[in-house]
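The file protein_18.txt contains compact mmCIF, C-alpha atoms:
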# COMPACT_ATOMS: atom_id res chain seq x y z
CA MET A 663 55.86 -1.56 69.55
CA SER A 664 56.40 1.22 67.05
CA LYS A 665 53.24 2.85 65.77
CA THR A 666 53.74 3.70 62.11
CA ILE A 667 50.33 4.41 60.59
CA ILE A 668 49.01 5.70 57.28
CA VAL A 669 45.46 7.01 57.16
CA MET A 670 44.31 6.34 53.61
CA GLY A 671 41.35 6.74 51.30
CA VAL A 672 40.07 8.88 48.48
CA SER A 673 39.74 12.64 48.69
CA GLY A 674 36.87 13.70 50.93
CA ALA A 675 37.17 10.72 53.28
CA GLY A 676 38.41 12.93 56.11
CA LYS A 677 42.02 11.78 56.20
CA THR A 678 43.42 14.99 57.71
CA SER A 679 40.82 15.45 60.45
CA ILE A 680 40.87 11.78 61.40
CA ALA A 681 44.66 11.39 61.26
CA ASP A 682 45.23 14.54 63.30
CA LEU A 683 42.92 13.36 66.10
CA LEU A 684 44.24 9.78 65.85
CA ALA A 685 47.83 11.02 66.22
CA ASN A 686 46.81 13.18 69.16
CA ARG A 687 45.01 10.31 70.90
CA LEU A 688 47.91 7.89 70.34
CA GLY A 689 50.65 10.41 71.17
CA CYS A 690 52.14 10.23 67.68
CA LYS A 691 53.72 12.79 65.38
CA PHE A 692 51.26 13.86 62.64
CA VAL A 693 52.27 14.54 59.02
CA GLU A 694 49.79 15.79 56.41
CA GLY A 695 50.83 13.91 53.27
CA ASP A 696 49.18 16.37 50.88
CA ARG A 697 51.63 19.04 52.06
CA LEU A 698 54.46 16.85 50.77
CA HIS A 699 53.20 16.86 47.15
CA PRO A 700 55.59 18.45 44.68
CA GLU A 701 54.23 21.78 43.42
CA ALA A 702 53.66 20.32 39.93
CA ASN A 703 51.26 17.73 41.42
CA VAL A 704 49.30 20.36 43.33
CA LYS A 705 49.01 22.46 40.15
CA LYS A 706 47.75 19.50 38.10
CA MET A 707 45.13 18.55 40.67
CA ALA A 708 43.99 22.16 41.11
CA GLU A 709 43.45 22.27 37.33
CA GLY A 710 41.33 19.11 37.56
CA THR A 711 43.94 16.82 35.97
CA PRO A 712 44.31 13.39 37.62
CA LEU A 713 47.83 12.42 38.66
CA THR A 714 49.61 9.59 36.88
CA ASP A 715 51.72 6.93 38.55
CA GLU A 716 54.80 8.85 37.37
CA ASP A 717 53.49 11.95 39.17
CA ARG A 718 52.93 10.00 42.37
CA TRP A 719 56.27 8.13 42.69
CA PRO A 720 58.31 11.13 43.98
CA TRP A 721 55.52 12.00 46.44
CA LEU A 722 55.33 8.43 47.73
CA ASP A 723 59.11 8.41 48.14
CA ILE A 724 58.94 11.60 50.22
CA ILE A 725 56.27 10.01 52.44
CA GLY A 726 58.31 6.80 52.66
CA ASN A 727 61.27 8.86 53.81
CA GLU A 728 59.13 10.50 56.53
CA LEU A 729 58.13 7.03 57.75
CA LYS A 730 61.71 5.74 57.70
CA THR A 731 63.06 8.83 59.49
CA ALA A 732 60.45 8.57 62.24
CA ARG A 733 61.08 4.86 62.72
CA SER A 734 64.86 5.42 62.85
CA ALA A 735 64.33 8.10 65.52
CA GLY A 736 62.04 5.82 67.52
CA GLU A 737 59.07 8.14 66.91
CA ASP A 738 55.49 7.00 66.45
CA ILE A 739 53.93 8.64 63.39
CA VAL A 740 50.60 9.01 61.63
CA VAL A 741 50.71 10.18 58.00
CA THR A 742 47.89 10.88 55.56
CA CYS A 743 48.28 9.43 52.07
CA SER A 744 45.56 8.38 49.66
CA SER A 745 47.50 5.14 48.90
CA LEU A 746 44.95 4.27 46.23
CA LYS A 747 46.80 1.37 44.57
CA LYS A 748 48.33 -1.73 46.09
CA ILE A 749 51.63 -0.93 44.36
CA TYR A 750 51.70 2.44 46.18
CA ARG A 751 51.08 0.74 49.53
CA GLU A 752 53.83 -1.79 48.77
CA ARG A 753 56.25 1.05 47.99
CA LEU A 754 55.36 2.69 51.32
CA ARG A 755 55.74 -0.63 53.18
CA SER A 756 59.15 -1.11 51.61
CA ALA A 757 60.32 2.40 52.55
CA GLY A 758 58.64 2.63 55.95
CA GLY A 759 59.65 -0.71 57.37
CA ASP A 760 57.60 -3.35 59.12
CA PRO A 761 55.09 -3.23 60.59
CA LEU A 762 53.28 -0.43 58.77
CA TYR A 763 49.58 -0.08 59.54
CA PHE A 764 46.91 1.40 57.28
CA VAL A 765 43.59 2.86 58.38
CA PHE A 766 41.34 2.69 55.31
CA LEU A 767 38.55 5.28 55.42
CA LYS A 768 35.65 3.89 53.46
CA GLY A 769 32.47 5.72 52.47
CA SER A 770 29.83 5.86 49.77
CA PRO A 771 30.47 8.00 46.67
CA GLU A 772 27.55 10.22 47.68
CA LEU A 773 28.95 10.88 51.16
CA LEU A 774 32.43 11.53 49.77
CA ALA A 775 31.10 13.99 47.17
CA SER A 776 29.07 15.90 49.76
CA ARG A 777 32.11 16.18 52.04
CA MET A 778 34.33 17.34 49.19
CA GLY A 779 31.75 19.93 48.19
CA ALA A 780 31.68 21.32 51.73
CA ARG A 781 35.46 21.84 51.96
CA LYS A 782 36.92 25.31 51.62
CA GLY A 783 40.32 26.11 50.16
CA HIS A 784 41.42 22.58 49.21
CA PHE A 785 43.26 22.10 45.92
CA MET A 786 41.43 18.87 45.00
CA PRO A 787 38.22 19.60 43.06
CA THR A 788 35.14 17.38 43.46
CA SER A 789 35.43 16.56 39.75
CA LEU A 790 38.40 14.26 40.50
CA LEU A 791 36.47 12.05 42.94
CA GLN A 792 35.32 9.61 40.23
CA SER A 793 38.89 9.31 38.97
CA GLN A 794 40.07 8.47 42.49
CA LEU A 795 37.30 5.93 43.05
CA ALA A 796 38.15 4.28 39.72
CA THR A 797 41.83 4.11 40.72
CA LEU A 798 41.20 2.78 44.24
CA GLU A 799 42.26 -0.83 44.77
CA SER A 800 40.69 -1.85 48.07
CA PRO A 801 43.27 -2.80 50.72
CA GLU A 802 40.77 -4.76 52.78
CA ASP A 803 42.43 -8.14 52.15
CA GLU A 804 45.95 -6.88 52.91
CA VAL A 805 47.90 -7.43 56.12
CA ASN A 806 47.84 -4.73 58.84
CA VAL A 807 44.90 -2.84 57.34
CA VAL A 808 41.85 -1.78 59.32
CA THR A 809 38.75 -0.51 57.53
CA VAL A 810 36.63 2.18 59.13
CA ASP A 811 33.26 3.42 57.86
CA ILE A 812 33.27 7.22 57.64
CA ASP A 813 29.51 7.66 58.07
CA ALA A 814 30.02 8.86 61.66
CA SER A 815 31.53 11.79 63.55
CA VAL A 816 35.30 12.26 63.52
CA PRO A 817 35.65 11.22 67.21
CA GLN A 818 33.56 8.07 66.55
CA ILE A 819 35.65 7.21 63.48
CA VAL A 820 38.86 7.66 65.48
CA GLU A 821 37.54 5.49 68.34
CA ASP A 822 36.65 2.77 65.82
CA ALA A 823 40.11 3.01 64.22
CA ILE A 824 41.88 2.83 67.59
CA GLY A 825 39.84 -0.19 68.63
CA ARG A 826 40.67 -2.01 65.40
CA LEU A 827 44.36 -1.04 65.55
CA GLU A 828 44.65 -2.17 69.18
CA LYS A 829 43.22 -5.54 68.20
CA LEU A 830 45.91 -5.87 65.49
CA TRP A 831 48.62 -4.79 67.91
CA ARG A 832 47.51 -7.40 70.46
CA GLU A 833 47.65 -10.06 67.74
CA ASP A 834 51.14 -8.87 66.68
CA SER A 835 52.63 -8.98 70.19
File written out as structure tokens:
Amino acid sequence: MSKTIIVMGVSGAGKTSIADLLANRLGCKFVEGDRLHPEANVKKMAEGTPLTDEDRWPWLDIIGNELKTARSAGEDIVVTCSSLKKIYRERLRSAGGDPLYFVFLKGSPELLASRMGARKGHFMPTSLLQSQLATLESPEDEVNVVTVDIDASVPQIVEDAIGRLEKLWREDS
């Protein structure tokens, strides 16, 4: 079975660290979705301006193309993408093919803010966290989504995610 996975959540949830280790543990290619943002998006976020849906569509299409390319090549892939709205996840599902799995990293606003404040050199300022939380439409009732609490170490979070994904994969086979 093809492993096509998006690690999602608001800024500060640990998407990059968790996705990198998850990809390593599962033997998948890893793609950092933030690196695929058009320069105009990075500039807006660095200035503290929230992105609009119109800003996000080209970025989501680039990520969708990464998913489709990997699937066509028979590669397993883990990509980070905030995927805050259901319509964004649907666009990614449409582009990436089926099945597409999401690992939703969930944490309290306080934990997220403290993690964002501790980061060095990231373009997303802590001031945009509330905007992201307000935009987030929980994926917890959607198909092929596992929810993982981020109040743990990165290895523990990854172990939890793998356990939940393996359960889904067993059910899908």
How many Å separate atom CA of A:Gly736 from atom CA of A:Leu684? 18.3 Å
Atom pair atom CA of A:Val672 + atom CA of A:Phe766, distance 9.3 Å
So which residues are close to (53.5, -1.1, 53.3), meaning at most 12 Å away in the file's coordinates with only C-alpha atoms counted, and can you show them as number ranges by chain? A: 666-668, 670, 722, 725-726, 729-730, 743, 745, 747-765, 801, 804-807
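In this structure, atom CA of A:Arg826 sits 18.9 Å away from atom CA of A:Thr678.
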If we count all atoms listed in the file, what is near stretch 769-771 of chain A at a cut-off of 6 Å, once residues fewer than 2 positions away on the same chain are taken out, given as a JSON list (two decimals) with C-alpha atoms, in the frame of the given file?
[["chain", "number", "residue", "atom", "x", "y", "z"],
["A", 773, "LEU", "CA", 28.95, 10.88, 51.16],
["A", 774, "LEU", "CA", 32.43, 11.53, 49.77],
["A", 811, "ASP", "CA", 33.26, 3.42, 57.86],
["A", 812, "ILE", "CA", 33.27, 7.22, 57.64]]
Minimum-distance residue to A:Ser664, chosen among A:Ala732, A:Ala814, A:Val741, A:Val693 (using all atoms listed in the file): A:Ala732
Do you know which residues are at most 8 Å from stretch 815-819 of chain A counting all atoms listed in the file, after dropping those on the same chain fewer than 6 positions away, and could you put them as an MDAnalysis selection string? chainID A and resid 679:680 683
A:Ser734, A:Thr797, A:Thr809, A:Asn686 ranked by distance to A:Lys768, top pick (using only C-alpha atoms):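 Closest to A:Lys768 of all the choices is A:Thr809.
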Restricting the calculation to only C-alpha atoms, which member of A:Gly674, A:Lys665, A:Asp717, A:Ile724 is positioned closest to A:Leu795?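 Of the candidates, the smallest distance to A:Leu795 is held by A:Gly674.
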Point out the residue among A:Gly710, A:Gly689, A:Pro700, A:Gly695 with the least atom-to-atom distance to A:Gln792, counting only C-alpha atoms.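 Going through A:Gly710, A:Gly689, A:Pro700, A:Gly695 one by one, the smallest distance to A:Gln792 is for A:Gly710.
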Output as a PDB file, in the coordinates of the input: stretch 665-676 of chain A, completed with all heavy atoms.
ATOM      1  N   LYS A 665      54.501   2.555  66.441  1.00  0.00           N
ATOM      2  CA  LYS A 665      53.240   2.850  65.770  1.00  0.00           C
ATOM      3  C   LYS A 665      53.563   3.673  64.532  1.00  0.00           C
ATOM      4  O   LYS A 665      53.881   4.863  64.634  1.00  0.00           O
ATOM      5  CB  LYS A 665      52.285   3.589  66.691  1.00  0.00           C
ATOM      6  CG  LYS A 665      51.824   2.766  67.871  1.00  0.00           C
ATOM      7  CD  LYS A 665      50.879   3.570  68.745  1.00  0.00           C
ATOM      8  CE  LYS A 665      50.456   2.778  69.946  1.00  0.00           C
ATOM      9  NZ  LYS A 665      51.320   3.001  71.100  1.00  0.00           N
ATOM     10  N   THR A 666      53.517   3.038  63.382  1.00  0.00           N
ATOM     11  CA  THR A 666      53.740   3.700  62.110  1.00  0.00           C
ATOM     12  C   THR A 666      52.480   3.457  61.298  1.00  0.00           C
ATOM     13  O   THR A 666      52.202   2.329  60.890  1.00  0.00           O
ATOM     14  CB  THR A 666      54.992   3.124  61.393  1.00  0.00           C
ATOM     15  OG1 THR A 666      56.098   3.165  62.310  1.00  0.00           O
ATOM     16  CG2 THR A 666      55.333   3.916  60.151  1.00  0.00           C
ATOM     17  N   ILE A 667      51.698   4.539  61.107  1.00  0.00           N
ATOM     18  CA  ILE A 667      50.330   4.410  60.590  1.00  0.00           C
ATOM     19  C   ILE A 667      50.109   5.361  59.424  1.00  0.00           C
ATOM     20  O   ILE A 667      50.484   6.537  59.497  1.00  0.00           O
ATOM     21  CB  ILE A 667      49.308   4.740  61.704  1.00  0.00           C
ATOM     22  CG1 ILE A 667      49.518   3.832  62.917  1.00  0.00           C
ATOM     23  CG2 ILE A 667      47.871   4.654  61.180  1.00  0.00           C
ATOM     24  CD1 ILE A 667      48.840   4.335  64.185  1.00  0.00           C
ATOM     25  N   ILE A 668      49.461   4.862  58.387  1.00  0.00           N
ATOM     26  CA  ILE A 668      49.010   5.700  57.280  1.00  0.00           C
ATOM     27  C   ILE A 668      47.489   5.688  57.280  1.00  0.00           C
ATOM     28  O   ILE A 668      46.869   4.621  57.284  1.00  0.00           O
ATOM     29  CB  ILE A 668      49.548   5.199  55.930  1.00  0.00           C
ATOM     30  CG1 ILE A 668      51.065   5.373  55.888  1.00  0.00           C
ATOM     31  CG2 ILE A 668      48.872   5.947  54.771  1.00  0.00           C
ATOM     32  CD1 ILE A 668      51.728   4.961  54.612  1.00  0.00           C
ATOM     33  N   VAL A 669      46.900   6.874  57.297  1.00  0.00           N
ATOM     34  CA  VAL A 669      45.460   7.010  57.160  1.00  0.00           C
ATOM     35  C   VAL A 669      45.203   7.262  55.681  1.00  0.00           C
ATOM     36  O   VAL A 669      45.697   8.230  55.107  1.00  0.00           O
ATOM     37  CB  VAL A 669      44.908   8.161  58.034  1.00  0.00           C
ATOM     38  CG1 VAL A 669      43.421   8.355  57.787  1.00  0.00           C
ATOM     39  CG2 VAL A 669      45.172   7.861  59.507  1.00  0.00           C
ATOM     40  N   MET A 670      44.461   6.340  55.065  1.00  0.00           N
ATOM     41  CA  MET A 670      44.310   6.340  53.610  1.00  0.00           C
ATOM     42  C   MET A 670      42.860   6.377  53.170  1.00  0.00           C
ATOM     43  O   MET A 670      41.961   6.063  53.938  1.00  0.00           O
ATOM     44  CB  MET A 670      45.002   5.112  53.015  1.00  0.00           C
ATOM     45  CG  MET A 670      44.357   3.797  53.434  1.00  0.00           C
ATOM     46  SD  MET A 670      44.733   2.398  52.348  1.00  0.00           S
ATOM     47  CE  MET A 670      43.852   2.824  50.857  1.00  0.00           C
ATOM     48  N   GLY A 671      42.663   6.719  51.914  1.00  0.00           N
ATOM     49  CA  GLY A 671      41.350   6.740  51.300  1.00  0.00           C
ATOM     50  C   GLY A 671      41.306   7.829  50.239  1.00  0.00           C
ATOM     51  O   GLY A 671      42.264   8.593  50.074  1.00  0.00           O
ATOM     52  N   VAL A 672      40.211   7.887  49.532  1.00  0.00           N
ATOM     53  CA  VAL A 672      40.070   8.880  48.480  1.00  0.00           C
ATOM     54  C   VAL A 672      39.872  10.263  49.090  1.00  0.00           C
ATOM     55  O   VAL A 672      39.620  10.400  50.293  1.00  0.00           O
ATOM     56  CB  VAL A 672      38.908   8.547  47.512  1.00  0.00           C
ATOM     57  CG1 VAL A 672      39.144   7.211  46.814  1.00  0.00           C
ATOM     58  CG2 VAL A 672      37.571   8.547  48.240  1.00  0.00           C
ATOM     59  N   SER A 673      39.967  11.268  48.253  1.00  0.00           N
ATOM     60  CA  SER A 673      39.740  12.640  48.690  1.00  0.00           C
ATOM     61  C   SER A 673      38.323  12.766  49.240  1.00  0.00           C
ATOM     62  O   SER A 673      37.385  12.194  48.697  1.00  0.00           O
ATOM     63  CB  SER A 673      39.957  13.579  47.515  1.00  0.00           C
ATOM     64  OG  SER A 673      39.986  14.897  47.957  1.00  0.00           O
ATOM     65  N   GLY A 674      38.184  13.506  50.317  1.00  0.00           N
ATOM     66  CA  GLY A 674      36.870  13.700  50.930  1.00  0.00           C
ATOM     67  C   GLY A 674      36.555  12.716  52.037  1.00  0.00           C
ATOM     68  O   GLY A 674      35.540  12.855  52.716  1.00  0.00           O
ATOM     69  N   ALA A 675      37.428  11.731  52.251  1.00  0.00           N
ATOM     70  CA  ALA A 675      37.170  10.720  53.280  1.00  0.00           C
ATOM     71  C   ALA A 675      37.426  11.247  54.689  1.00  0.00           C
ATOM     72  O   ALA A 675      36.997  10.636  55.660  1.00  0.00           O
ATOM     73  CB  ALA A 675      38.023   9.469  53.027  1.00  0.00           C
ATOM     74  N   GLY A 676      38.124  12.357  54.793  1.00  0.00           N
ATOM     75  CA  GLY A 676      38.410  12.930  56.110  1.00  0.00           C
ATOM     76  C   GLY A 676      39.773  12.564  56.653  1.00  0.00           C
ATOM     77  O   GLY A 676      39.990  12.590  57.867  1.00  0.00           O
TER      78      GLY A 676
END
